[in-house]
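Visitor: Submitted below is the structure of interest, expressed as structure tokens.
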Amino acid sequence: MSERRERTSLTEMFDIEYPIFAFSHCRDVVAAVTNAGGMGVLGALAFSPDELEMELTWIDEHVGGRPYGVDVVMPVKTVDRDAGIDDVADIGAQLRSHISQDHWDYVDAILVDHGVDVTAGSGELDAGAGLGAGVLGWTAATGAPQIEIALSHPIALLASALGPPPKAAIDQAHAQGVKVAALIGRVEQAVRDVQLGVDIIIAQGYEAGGHTGDVASMVLIPDVVDAVAPVPVLGAGGVGSGRQMAAAMALGAAGVWTGSIWLTVAENGSSPVVTEKLLAATSTDTVRSRAYTGKPARQLRTAWTDAWEAPESPGTLPMPLQFILNSYATQKMGANPPRELVGMPVGQIVSRMNKVRTTKQVVVDMVDEYVDVASRLTSDLEG
């Protein structure tokens with residue numbers, strides 16, 4: 001790796017070597033990026049409070065005091081908020097009461113069409129808030145404990161994927177010296193979040209994996225940079241190489257927020273089927289669909305996403321009800337789901353994810369290519 005260190009407002013803010021922020025649900029990836037000079041950010045969504053405590057304790061023990069972050073999901077609008085549901089112990093059961101029988105039947109029909117025996121097992125989801133209930137951190141009630149646990153650890157960054165964290169959480173983070181970031185897809189969202197006290201804006205374009213808006217990065221990033229200056233902006237969406245990092249920085253970003261590129265690193269531990277599908281996919285094998293969570297999210301196109309676009313579909317449900325249907329389907333499919341139904345959130349950068357590398361090698365490759373591009377552009381201008 002080049003000995004050059006890229007200094008931006010964000011590398012200065014966190015005392016890191018490279019302005020590469022890496023979102024991952026895998027603690028090994030988070031620690032490896034942080035130890036390689038970037039900033040690893042753990043996605044808290046899928047962890048129960050006890051599990052999150054264990055994951056963060058492990059990271060604390062493996063980063064040697066280097067900075068890392070935690071990403072939570074606190075949607076501004078969800079069914080639980082509208083219905084006033086806040087009893088975590090019974091939240092799964094209460095939310096399921098908002099799902100019509102037509103939707104349960106349609107999920108069964110999809111599964112049967114792909115050879116799944118829906119009569120096997122009970123198929124009963126838990127009443128609570130964990131993975132077995134299909135609720136996870138998608139709600140205000142289940143996301144709040146994750147914020148509390150995150151702030152009990154020596155994190156440097158608290159990020160929120162669907163709107164800003166609650167104002168009380170922002171104030172608590174600031175009182176502890178923790179910076180707050182919010183992911184947005186439109187300029188007006190960025191302005192709102194800065195007004196609420198967010199320190200960093202993550203401008204995520206249409207190309208990105210997971211929840212994303214409908215404005216591409218090439219347009220979104222400079223518009224957001226201009227709208228919220230001098231607040232630093234991370235460019236996100238379609239970033240997985242040094243050239244793409246250089247493009248985001250040229251648009252005014254102070255760093256990059258990356259996610260999909262870490263799905264095929266050696267440390268990630270995805271299932272062999274998922275890894276194989278990701279390595280083989282092209283950018284046109286992704287689709288922006290509500291089939292996963294109820295909000296538009298880019299993911300691999302599968303028989304599941306196709307089914308929810310079919311004429312006979314009863315339509316996707318709002319968050320978090322659609323994810324509960326996904327969880328029910330996953331439970332019914334068991335350990336060996338039909339390949340055509342296997343998918344996951346991933347961005348259009350999947351076209352460049354065609355071999356397994358270590359996390360450190362991804363960072364090395366990205367930084368070296370970025371330095372080469374920056375040097376070439378400077379040379380071209382001087383020539």
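Each chain in the structure tokens gets a letter, A, B, ..., in the order shown, and its residues are numbered from 1; ligands are numbered from 1 in order too.
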Which of segment 201-344 of chain A counts as strand (DSSP E or B) under DSSP, as a PyMOL selection string please?
Guide: chain A and resi 201-204+210-211+233-236+255-258+265+286-289+297-300
Visitor: With a distance cut-off of 10 Å and only C-alpha atoms, select the neighbouring residues of Thr258 of chain A, excluding the residue or stretch itself and same-chain residues fewer than 2 positions from it, and output the selection as a PyMOL selection string.
Guide: chain A and resi 20-24+40-41+204+208-209+234-241+245+255-256+260-262
Visitor: Generate the output file for the selected residues, N, CA and C atoms, as a PDB file, in the first residue's frame.
Guide:
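File result-v4.pdb, as written:
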```pdb
ATOM      1  N   ILE A  20     -12.307   5.903   4.444  1.00  0.00           N
ATOM      2  CA  ILE A  20     -13.113   4.772   3.981  1.00  0.00           C
ATOM      3  C   ILE A  20     -13.921   4.254   5.158  1.00  0.00           C
ATOM      4  N   PHE A  21     -15.234   4.397   5.076  1.00  0.00           N
ATOM      5  CA  PHE A  21     -16.136   3.923   6.122  1.00  0.00           C
ATOM      6  C   PHE A  21     -16.825   2.667   5.592  1.00  0.00           C
ATOM      7  N   ALA A  22     -16.776   1.596   6.376  1.00  0.00           N
ATOM      8  CA  ALA A  22     -17.251   0.297   5.900  1.00  0.00           C
ATOM      9  C   ALA A  22     -18.377  -0.227   6.771  1.00  0.00           C
ATOM     10  N   PHE A  23     -19.574  -0.283   6.189  1.00  0.00           N
ATOM     11  CA  PHE A  23     -20.725  -0.845   6.897  1.00  0.00           C
ATOM     12  C   PHE A  23     -20.755  -2.350   6.695  1.00  0.00           C
ATOM     13  N   SER A  24     -20.912  -3.095   7.789  1.00  0.00           N
ATOM     14  CA  SER A  24     -21.009  -4.548   7.701  1.00  0.00           C
ATOM     15  C   SER A  24     -21.739  -5.086   8.921  1.00  0.00           C
ATOM     16  N   GLY A  40     -14.511   0.911  10.477  1.00  0.00           N
ATOM     17  CA  GLY A  40     -15.528  -0.128  10.406  1.00  0.00           C
ATOM     18  C   GLY A  40     -16.759   0.294  11.170  1.00  0.00           C
ATOM     19  N   VAL A  41     -17.938  -0.031  10.615  1.00  0.00           N
ATOM     20  CA  VAL A  41     -19.205   0.336  11.253  1.00  0.00           C
ATOM     21  C   VAL A  41     -20.096  -0.906  11.294  1.00  0.00           C
ATOM     22  N   GLN A 204     -26.395   8.807  -0.118  1.00  0.00           N
ATOM     23  CA  GLN A 204     -26.418   7.500  -0.781  1.00  0.00           C
ATOM     24  C   GLN A 204     -27.267   7.534  -2.044  1.00  0.00           C
ATOM     25  N   ALA A 208     -26.944   2.202  -4.785  1.00  0.00           N
ATOM     26  CA  ALA A 208     -26.544   1.538  -3.550  1.00  0.00           C
ATOM     27  C   ALA A 208     -27.377   0.312  -3.240  1.00  0.00           C
ATOM     28  N   GLY A 209     -26.814  -0.569  -2.415  1.00  0.00           N
ATOM     29  CA  GLY A 209     -27.554  -1.704  -1.900  1.00  0.00           C
ATOM     30  C   GLY A 209     -28.382  -1.298  -0.705  1.00  0.00           C
ATOM     31  N   LEU A 234     -20.274  12.009   3.316  1.00  0.00           N
ATOM     32  CA  LEU A 234     -19.726  10.752   2.817  1.00  0.00           C
ATOM     33  C   LEU A 234     -20.492  10.369   1.566  1.00  0.00           C
ATOM     34  N   GLY A 235     -19.764  10.038   0.493  1.00  0.00           N
ATOM     35  CA  GLY A 235     -20.407   9.590  -0.735  1.00  0.00           C
ATOM     36  C   GLY A 235     -20.668   8.097  -0.662  1.00  0.00           C
ATOM     37  N   ALA A 236     -21.885   7.691  -0.984  1.00  0.00           N
ATOM     38  CA  ALA A 236     -22.253   6.279  -0.914  1.00  0.00           C
ATOM     39  C   ALA A 236     -23.050   5.887  -2.145  1.00  0.00           C
ATOM     40  N   GLY A 237     -22.957   4.608  -2.482  1.00  0.00           N
ATOM     41  CA  GLY A 237     -23.689   4.106  -3.634  1.00  0.00           C
ATOM     42  C   GLY A 237     -22.764   3.890  -4.811  1.00  0.00           C
ATOM     43  N   GLY A 238     -22.447   2.639  -5.111  1.00  0.00           N
ATOM     44  CA  GLY A 238     -21.591   2.339  -6.244  1.00  0.00           C
ATOM     45  C   GLY A 238     -20.118   2.553  -5.981  1.00  0.00           C
ATOM     46  N   VAL A 239     -19.708   2.538  -4.711  1.00  0.00           N
ATOM     47  CA  VAL A 239     -18.297   2.751  -4.371  1.00  0.00           C
ATOM     48  C   VAL A 239     -17.685   1.438  -3.888  1.00  0.00           C
ATOM     49  N   GLY A 240     -16.712   0.950  -4.657  1.00  0.00           N
ATOM     50  CA  GLY A 240     -16.034  -0.277  -4.256  1.00  0.00           C
ATOM     51  C   GLY A 240     -14.615  -0.341  -4.769  1.00  0.00           C
ATOM     52  N   SER A 241     -14.175   0.728  -5.419  1.00  0.00           N
ATOM     53  CA  SER A 241     -12.814   0.768  -5.966  1.00  0.00           C
ATOM     54  C   SER A 241     -12.234   2.150  -5.749  1.00  0.00           C
ATOM     55  N   MET A 245     -13.972   5.840  -5.519  1.00  0.00           N
ATOM     56  CA  MET A 245     -13.685   6.693  -4.369  1.00  0.00           C
ATOM     57  C   MET A 245     -13.218   8.066  -4.843  1.00  0.00           C
ATOM     58  N   GLY A 255     -15.187  11.710   2.136  1.00  0.00           N
ATOM     59  CA  GLY A 255     -14.880  10.302   2.325  1.00  0.00           C
ATOM     60  C   GLY A 255     -15.961   9.469   1.671  1.00  0.00           C
ATOM     61  N   VAL A 256     -15.839   8.141   1.799  1.00  0.00           N
ATOM     62  CA  VAL A 256     -16.823   7.252   1.182  1.00  0.00           C
ATOM     63  C   VAL A 256     -17.387   6.276   2.202  1.00  0.00           C
ATOM     64  N   SER A 260     -21.704  -2.907   0.140  1.00  0.00           N
ATOM     65  CA  SER A 260     -21.812  -4.140  -0.643  1.00  0.00           C
ATOM     66  C   SER A 260     -20.474  -4.826  -0.867  1.00  0.00           C
ATOM     67  N   ILE A 261     -19.422  -4.039  -1.084  1.00  0.00           N
ATOM     68  CA  ILE A 261     -18.125  -4.612  -1.428  1.00  0.00           C
ATOM     69  C   ILE A 261     -17.607  -5.581  -0.372  1.00  0.00           C
ATOM     70  N   TRP A 262     -18.102  -5.460   0.862  1.00  0.00           N
ATOM     71  CA  TRP A 262     -17.615  -6.315   1.953  1.00  0.00           C
ATOM     72  C   TRP A 262     -18.370  -7.638   2.044  1.00  0.00           C
TER      73      TRP A 262
END
```
Visitor: Closest to Met319 of chain A among A:Pro75, A:Pro222, A:Gly132, A:Pro338, using only C-alpha atoms?
Guide: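 Closest to Met319 of chain A, using only C-alpha atoms: A:Pro75.
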Visitor: So that I can see what lies close to Val367 of chain A, please list as a ChimeraX atom specification the residues with an atom at most 8 Å from it, counting only C-alpha atoms and leaving out residues fewer than 2 positions away in the same chain.
Guide: /A:1-2,18,242,363-365,369-371
Visitor: Could you pull the residues within 10 Å of Val224 of chain A, counting only C-alpha atoms, minus those fewer than 2 positions along the same chain, as a PDB file with N, CA and C atoms, in the first residue's frame?
Guide:
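File written: selection16.pdb
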```pdb
ATOM      1  N   ILE A 184     -28.998   9.556   3.836  1.00  0.00           N
ATOM      2  CA  ILE A 184     -30.104  10.222   3.158  1.00  0.00           C
ATOM      3  C   ILE A 184     -30.061   9.938   1.656  1.00  0.00           C
ATOM      4  N   GLY A 185     -31.188  10.194   0.997  1.00  0.00           N
ATOM      5  CA  GLY A 185     -31.261  10.004  -0.445  1.00  0.00           C
ATOM      6  C   GLY A 185     -31.745  11.236  -1.180  1.00  0.00           C
ATOM      7  N   ARG A 186     -32.071  12.303  -0.421  1.00  0.00           N
ATOM      8  CA  ARG A 186     -32.542  13.552  -1.028  1.00  0.00           C
ATOM      9  C   ARG A 186     -31.952  14.740  -0.276  1.00  0.00           C
ATOM     10  N   VAL A 187     -31.809  15.842  -0.965  1.00  0.00           N
ATOM     11  CA  VAL A 187     -31.211  17.034  -0.369  1.00  0.00           C
ATOM     12  C   VAL A 187     -32.005  17.506   0.839  1.00  0.00           C
ATOM     13  N   GLU A 188     -33.330  17.513   0.726  1.00  0.00           N
ATOM     14  CA  GLU A 188     -34.135  18.021   1.835  1.00  0.00           C
ATOM     15  C   GLU A 188     -33.972  17.179   3.098  1.00  0.00           C
ATOM     16  N   GLN A 189     -33.717  15.894   2.938  1.00  0.00           N
ATOM     17  CA  GLN A 189     -33.453  15.047   4.108  1.00  0.00           C
ATOM     18  C   GLN A 189     -32.139  15.447   4.765  1.00  0.00           C
ATOM     19  N   ALA A 190     -31.135  15.747   3.954  1.00  0.00           N
ATOM     20  CA  ALA A 190     -29.838  16.162   4.490  1.00  0.00           C
ATOM     21  C   ALA A 190     -29.961  17.450   5.292  1.00  0.00           C
ATOM     22  N   VAL A 191     -30.682  18.416   4.747  1.00  0.00           N
ATOM     23  CA  VAL A 191     -30.865  19.698   5.439  1.00  0.00           C
ATOM     24  C   VAL A 191     -31.602  19.483   6.756  1.00  0.00           C
ATOM     25  N   ILE A 201     -23.276  13.727   7.017  1.00  0.00           N
ATOM     26  CA  ILE A 201     -24.332  13.259   6.132  1.00  0.00           C
ATOM     27  C   ILE A 201     -23.767  12.191   5.195  1.00  0.00           C
ATOM     28  N   ILE A 202     -24.474  11.081   5.095  1.00  0.00           N
ATOM     29  CA  ILE A 202     -24.117  10.019   4.154  1.00  0.00           C
ATOM     30  C   ILE A 202     -25.081  10.135   2.976  1.00  0.00           C
ATOM     31  N   ALA A 203     -24.563  10.628   1.854  1.00  0.00           N
ATOM     32  CA  ALA A 203     -25.389  10.840   0.667  1.00  0.00           C
ATOM     33  C   ALA A 203     -25.343   9.576  -0.187  1.00  0.00           C
ATOM     34  N   VAL A 219     -25.327  12.967  -9.194  1.00  0.00           N
ATOM     35  CA  VAL A 219     -26.120  14.179  -8.990  1.00  0.00           C
ATOM     36  C   VAL A 219     -26.297  14.481  -7.499  1.00  0.00           C
ATOM     37  N   LEU A 220     -26.555  13.435  -6.723  1.00  0.00           N
ATOM     38  CA  LEU A 220     -26.887  13.622  -5.310  1.00  0.00           C
ATOM     39  C   LEU A 220     -25.736  14.199  -4.503  1.00  0.00           C
ATOM     40  N   ILE A 221     -24.541  13.651  -4.664  1.00  0.00           N
ATOM     41  CA  ILE A 221     -23.427  14.045  -3.800  1.00  0.00           C
ATOM     42  C   ILE A 221     -23.112  15.538  -3.886  1.00  0.00           C
ATOM     43  N   PRO A 222     -22.899  16.100  -5.085  1.00  0.00           N
ATOM     44  CA  PRO A 222     -22.590  17.542  -5.109  1.00  0.00           C
ATOM     45  C   PRO A 222     -23.743  18.407  -4.638  1.00  0.00           C
ATOM     46  N   ASP A 226     -23.209  20.935  -1.402  1.00  0.00           N
ATOM     47  CA  ASP A 226     -23.484  22.369  -1.470  1.00  0.00           C
ATOM     48  C   ASP A 226     -24.552  22.792  -0.466  1.00  0.00           C
ATOM     49  N   ALA A 227     -25.529  21.907  -0.224  1.00  0.00           N
ATOM     50  CA  ALA A 227     -26.656  22.271   0.638  1.00  0.00           C
ATOM     51  C   ALA A 227     -26.301  22.304   2.117  1.00  0.00           C
ATOM     52  N   VAL A 228     -25.336  21.473   2.551  1.00  0.00           N
ATOM     53  CA  VAL A 228     -25.070  21.356   3.989  1.00  0.00           C
ATOM     54  C   VAL A 228     -23.692  21.855   4.395  1.00  0.00           C
ATOM     55  N   ALA A 229     -22.889  22.360   3.461  1.00  0.00           N
ATOM     56  CA  ALA A 229     -21.545  22.850   3.797  1.00  0.00           C
ATOM     57  C   ALA A 229     -21.613  23.810   4.982  1.00  0.00           C
ATOM     58  N   VAL A 231     -20.741  21.040   6.774  1.00  0.00           N
ATOM     59  CA  VAL A 231     -20.896  19.698   7.342  1.00  0.00           C
ATOM     60  C   VAL A 231     -20.323  18.681   6.363  1.00  0.00           C
ATOM     61  N   PRO A 232     -19.453  17.770   6.818  1.00  0.00           N
ATOM     62  CA  PRO A 232     -18.837  16.817   5.894  1.00  0.00           C
ATOM     63  C   PRO A 232     -19.837  15.787   5.383  1.00  0.00           C
ATOM     64  N   VAL A 233     -19.605  15.354   4.147  1.00  0.00           N
ATOM     65  CA  VAL A 233     -20.487  14.402   3.480  1.00  0.00           C
ATOM     66  C   VAL A 233     -19.692  13.166   3.077  1.00  0.00           C
ATOM     67  N   LEU A 234     -20.274  12.009   3.316  1.00  0.00           N
ATOM     68  CA  LEU A 234     -19.726  10.752   2.817  1.00  0.00           C
ATOM     69  C   LEU A 234     -20.492  10.369   1.566  1.00  0.00           C
ATOM     70  N   GLY A 235     -19.764  10.038   0.493  1.00  0.00           N
ATOM     71  CA  GLY A 235     -20.407   9.590  -0.735  1.00  0.00           C
ATOM     72  C   GLY A 235     -20.668   8.097  -0.662  1.00  0.00           C
ATOM     73  N   LEU A 251     -16.489  14.964  -6.365  1.00  0.00           N
ATOM     74  CA  LEU A 251     -17.811  15.584  -6.286  1.00  0.00           C
ATOM     75  C   LEU A 251     -17.999  16.384  -4.997  1.00  0.00           C
ATOM     76  N   GLY A 252     -16.986  16.349  -4.121  1.00  0.00           N
ATOM     77  CA  GLY A 252     -17.036  17.148  -2.902  1.00  0.00           C
ATOM     78  C   GLY A 252     -17.136  16.361  -1.620  1.00  0.00           C
ATOM     79  N   ALA A 253     -17.243  15.032  -1.714  1.00  0.00           N
ATOM     80  CA  ALA A 253     -17.331  14.217  -0.501  1.00  0.00           C
ATOM     81  C   ALA A 253     -16.003  14.247   0.249  1.00  0.00           C
TER      82      ALA A 253
END
```
Visitor: Asn326 of chain A: which residues within 10 Å, counting only C-alpha atoms, same-chain residues fewer than 5 positions away excluded, as a PyMOL selection string?
Guide: chain A and resi 107+134+291-293+304+321+331-332
Visitor: Could the residues in this selection be written to a file with C-alpha atoms, as a PDB file, in the first residue's frame?
Guide:
```
ATOM      1  CA  VAL A 107     -46.185 -16.368   0.723  1.00  0.00           C
ATOM      2  CA  GLY A 134     -38.963 -11.115  12.137  1.00  0.00           C
ATOM      3  CA  ALA A 291     -40.203  -7.079  -1.432  1.00  0.00           C
ATOM      4  CA  TYR A 292     -37.600  -7.287   1.334  1.00  0.00           C
ATOM      5  CA  THR A 293     -38.632  -4.728   3.975  1.00  0.00           C
ATOM      6  CA  TRP A 304     -39.143 -13.707  -4.492  1.00  0.00           C
ATOM      7  CA  LEU A 321     -44.626  -6.194   8.161  1.00  0.00           C
ATOM      8  CA  GLN A 331     -38.183 -20.283   8.477  1.00  0.00           C
ATOM      9  CA  LYS A 332     -40.323 -22.447   6.190  1.00  0.00           C
TER      10      LYS A 332
END
```
Visitor: Which is closest to Val72 of chain A among A:Gly197, A:Gly269, A:Gly137, A:Gly128, if we use only C-alpha atoms?
Guide: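 Ranked by minimum distance to Val72 of chain A, first place goes to A:Gly137.
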Visitor: Between A:Ala329, A:Val273, A:Met13, A:Ala161, which one has atoms that come closest to Ala297 of chain A, using only C-alpha atoms?
Guide: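 For Ala297 of chain A, the nearest of the candidates is A:Ala161.
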Visitor: Would you list the contacts of Thr286 of chain A as an MDAnalysis selection string, taking every protein, DNA or RNA residue within 6 Å and counting only C-alpha atoms, but skipping same-chain residues closer than 2 positions in sequence?
Guide: chainID A and resid 284 299:301
Visitor: Could you write those residues out with N, CA and C atoms, as a PDB file, in the first residue's frame?
Guide:
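Result went into out04.pdb, see below:
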```
ATOM      1  N   THR A 284     -26.993  -5.469 -13.570  1.00  0.00           N
ATOM      2  CA  THR A 284     -28.400  -5.571 -13.972  1.00  0.00           C
ATOM      3  C   THR A 284     -29.116  -6.742 -13.307  1.00  0.00           C
ATOM      4  N   GLN A 299     -31.513  -4.990  -4.132  1.00  0.00           N
ATOM      5  CA  GLN A 299     -31.158  -6.362  -3.755  1.00  0.00           C
ATOM      6  C   GLN A 299     -31.000  -7.205  -5.010  1.00  0.00           C
ATOM      7  N   LEU A 300     -30.497  -8.422  -4.816  1.00  0.00           N
ATOM      8  CA  LEU A 300     -30.444  -9.341  -5.943  1.00  0.00           C
ATOM      9  C   LEU A 300     -31.866  -9.616  -6.431  1.00  0.00           C
ATOM     10  N   ARG A 301     -32.023  -9.632  -7.740  1.00  0.00           N
ATOM     11  CA  ARG A 301     -33.323 -10.015  -8.284  1.00  0.00           C
ATOM     12  C   ARG A 301     -33.473 -11.526  -8.155  1.00  0.00           C
TER      13      ARG A 301
END
```
Visitor: Identify which of the residues A:Thr57, A:Ser48, A:Thr330, A:Ser152 lies closest to Val118 of chain A, counting only C-alpha atoms when measuring atom-to-atom distances.
Guide: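 Among the listed residues, A:Thr330 lies closest to Val118 of chain A.
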Visitor: Between A:Val116, A:Val178, A:Leu136, A:Ala169, which one has atoms that come closest to Gly334 of chain A, using only C-alpha atoms?
Guide: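 Going through A:Val116, A:Val178, A:Leu136, A:Ala169 one by one, the smallest distance to Gly334 of chain A is for A:Val116.
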Visitor: I need the alpha helix (DSSP H) residues of segment 11-160 of chain A per DSSP on the backbone, written as number ranges by chain.
Guide: A: 11-14, 27-35, 49-62, 79-83, 91-96, 101-113, 140-150
Visitor: Tell me, as a compact mmCIF listing (two decimals) with N, CA and C atoms, in the first residue's frame, which residues lie within 7 Å of Ser283 of chain A, counting only C-alpha atoms; anything in the same chain fewer than 5 positions away does not count.
Guide:
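Saved to out00.txt:
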```
# COMPACT_ATOMS: atom_id res chain seq x y z
N GLN A 348 -25.40 -2.08 -7.11
CA GLN A 348 -24.98 -2.35 -8.48
C GLN A 348 -23.47 -2.57 -8.58
N ILE A 349 -22.73 -2.23 -7.54
CA ILE A 349 -21.31 -2.51 -7.50
C ILE A 349 -21.04 -4.00 -7.52
N VAL A 350 -22.07 -4.82 -7.37
CA VAL A 350 -21.91 -6.28 -7.39
C VAL A 350 -21.22 -6.74 -8.67
N SER A 351 -21.32 -5.96 -9.74
CA SER A 351 -20.67 -6.34 -11.00
C SER A 351 -19.15 -6.40 -10.86
```
Visitor: Rank A:Thr359, A:Leu162, A:Phe47, A:Pro296 by their smallest atom-to-atom distance to Thr264 of chain A, using only C-alpha atoms, and report the top residue only.
Guide: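 When distances to Thr264 of chain A are compared using only C-alpha atoms, the smallest one comes from A:Thr359.
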Visitor: Would you work out the distance separating atom CA of Ser271 of chain A from atom CA of Phe323 of chain A, expressed in Å to one decimal?
Guide: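 Atom CA of Phe323 of chain A lies at a distance of 19.9 Å from atom CA of Ser271 of chain A.
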